[in-house]
Each structure stands twice: as C-alpha cells, then as structure tokens.
Amino acid sequence: MTSSTDAATAQVTIEEINELIAEFEKYRERLMNETLDAAKKAKMSKKETMARLEPELAQIETALTQLRAQLDTLTSEPAAD
C-alpha cells in the first residue's frame with residue numbers, strides 16, 4: 001500500500017513543480033513586460049531598465065533551475081513496486 005501512496009505523492013509533487021515552473025515563467029514574462037512598459041513611459045533606456053531588473057531575473061532563473069533539477073530527479077527515479 002505504501003508504494004501506491006508514494007507514487008501518488010510523487011505524482012502530486014511533479015504536478016506541483018510543473019505548476020510552479022509555469023507560474024515563475026509567467027511572472028518573469030509579466031515582470032519584464034510591465035517594467036519595460038513603465039520604463040518607456042518614464043523615458044528610461046532599455047539598457048538601464050534591464051540592468052535594474054537583472055538581480056530579480058537572476059533570482060527567478062535560479063529558482064527555475066532548482067525546480068527543473070528537482071523535477072528531473074523525480075521523473076528519473078524508478079517507480080517503487
């Protein structure tokens with residue numbers, strides 16, 4: 001019985017990780033678009049704006065890399081019988 005429970009838990013975890021990845025990707029895109037739009041209205045250069053965004057974008061990329069690694073680990077584990 002525990003193997004079916006473990007498999008269900010692993011499946012939920014995989015789904016949750018996929019959802020988190022999708023949400024982070026949407027957030028990154030929205031952050032860039034909204035920030036660049038605001039910068040354009042404020043007549044800031046794209047280069048300056050991207051320089052200010054870079055630390056946050058780096059954090060998002062780090063989180064995405066960690067989530068993808070975690071997902072790879074979960075999906076590459078052999079199913080326990």
# chains A, B, ... in the order shown; residues from 1 in each chain; ligands from 1
>>> residues_around(residues="range 65-67 of chain A", least_positions_apart="2", cutoff="8 Å", atoms="only C-alpha atoms", output="list of chain:residue names")
A:Ile17, A:Leu20, A:Ile21, A:Glu61, A:Thr62, A:Ala63, A:Ala69, A:Gln70, A:Leu71
>>> write_last_selection(atoms="N, CA and C atoms", output="mmCIF file, in the first residue's frame")
data_model
loop_
_atom_site.group_PDB
_atom_site.id
_atom_site.type_symbol
_atom_site.label_atom_id
_atom_site.label_comp_id
_atom_site.auth_asym_id
_atom_site.auth_seq_id
_atom_site.Cartn_x
_atom_site.Cartn_y
_atom_site.Cartn_z
ATOM 1 N N ILE A 17 5.368 20.935 -9.041
ATOM 2 C CA ILE A 17 6.592 21.529 -9.579
ATOM 3 C C ILE A 17 6.339 22.090 -10.971
ATOM 4 N N LEU A 20 4.552 25.311 -10.557
ATOM 5 C CA LEU A 20 5.458 26.355 -10.081
ATOM 6 C C LEU A 20 6.348 26.869 -11.209
ATOM 7 N N ILE A 21 6.849 25.972 -12.027
ATOM 8 C CA ILE A 21 7.679 26.374 -13.163
ATOM 9 C C ILE A 21 6.879 27.278 -14.091
ATOM 10 N N GLU A 61 15.567 32.909 -12.406
ATOM 11 C CA GLU A 61 16.274 31.862 -13.150
ATOM 12 C C GLU A 61 16.861 30.816 -12.207
ATOM 13 N N THR A 62 17.384 31.254 -11.067
ATOM 14 C CA THR A 62 17.918 30.312 -10.081
ATOM 15 C C THR A 62 16.813 29.398 -9.569
ATOM 16 N N ALA A 63 15.672 29.971 -9.255
ATOM 17 C CA ALA A 63 14.534 29.172 -8.778
ATOM 18 C C ALA A 63 14.076 28.191 -9.856
ATOM 19 N N ALA A 69 15.685 20.923 -11.871
ATOM 20 C CA ALA A 69 16.559 19.852 -11.373
ATOM 21 C C ALA A 69 15.770 18.907 -10.470
ATOM 22 N N GLN A 70 14.936 19.482 -9.628
ATOM 23 C CA GLN A 70 14.099 18.671 -8.744
ATOM 24 C C GLN A 70 13.139 17.825 -9.572
ATOM 25 N N LEU A 71 12.564 18.411 -10.600
ATOM 26 C CA LEU A 71 11.647 17.690 -11.472
ATOM 27 C C LEU A 71 12.376 16.561 -12.194
#
>>> atom_distance(atom1="CA of Glu19 in chain A", atom2="CA of Asp72 in chain A")
14.5 Å
>>> residues_around(residues="range 30-33 of chain A", least_positions_apart="3", cutoff="9 Å", atoms="only C-alpha atoms", output="ChimeraX atom specification")
/A:25-27,36-38,50,53,57
>>> atom_distance(atom1="CA of Glu48 in chain A", atom2="CA of Thr35 in chain A")
11.3 Å
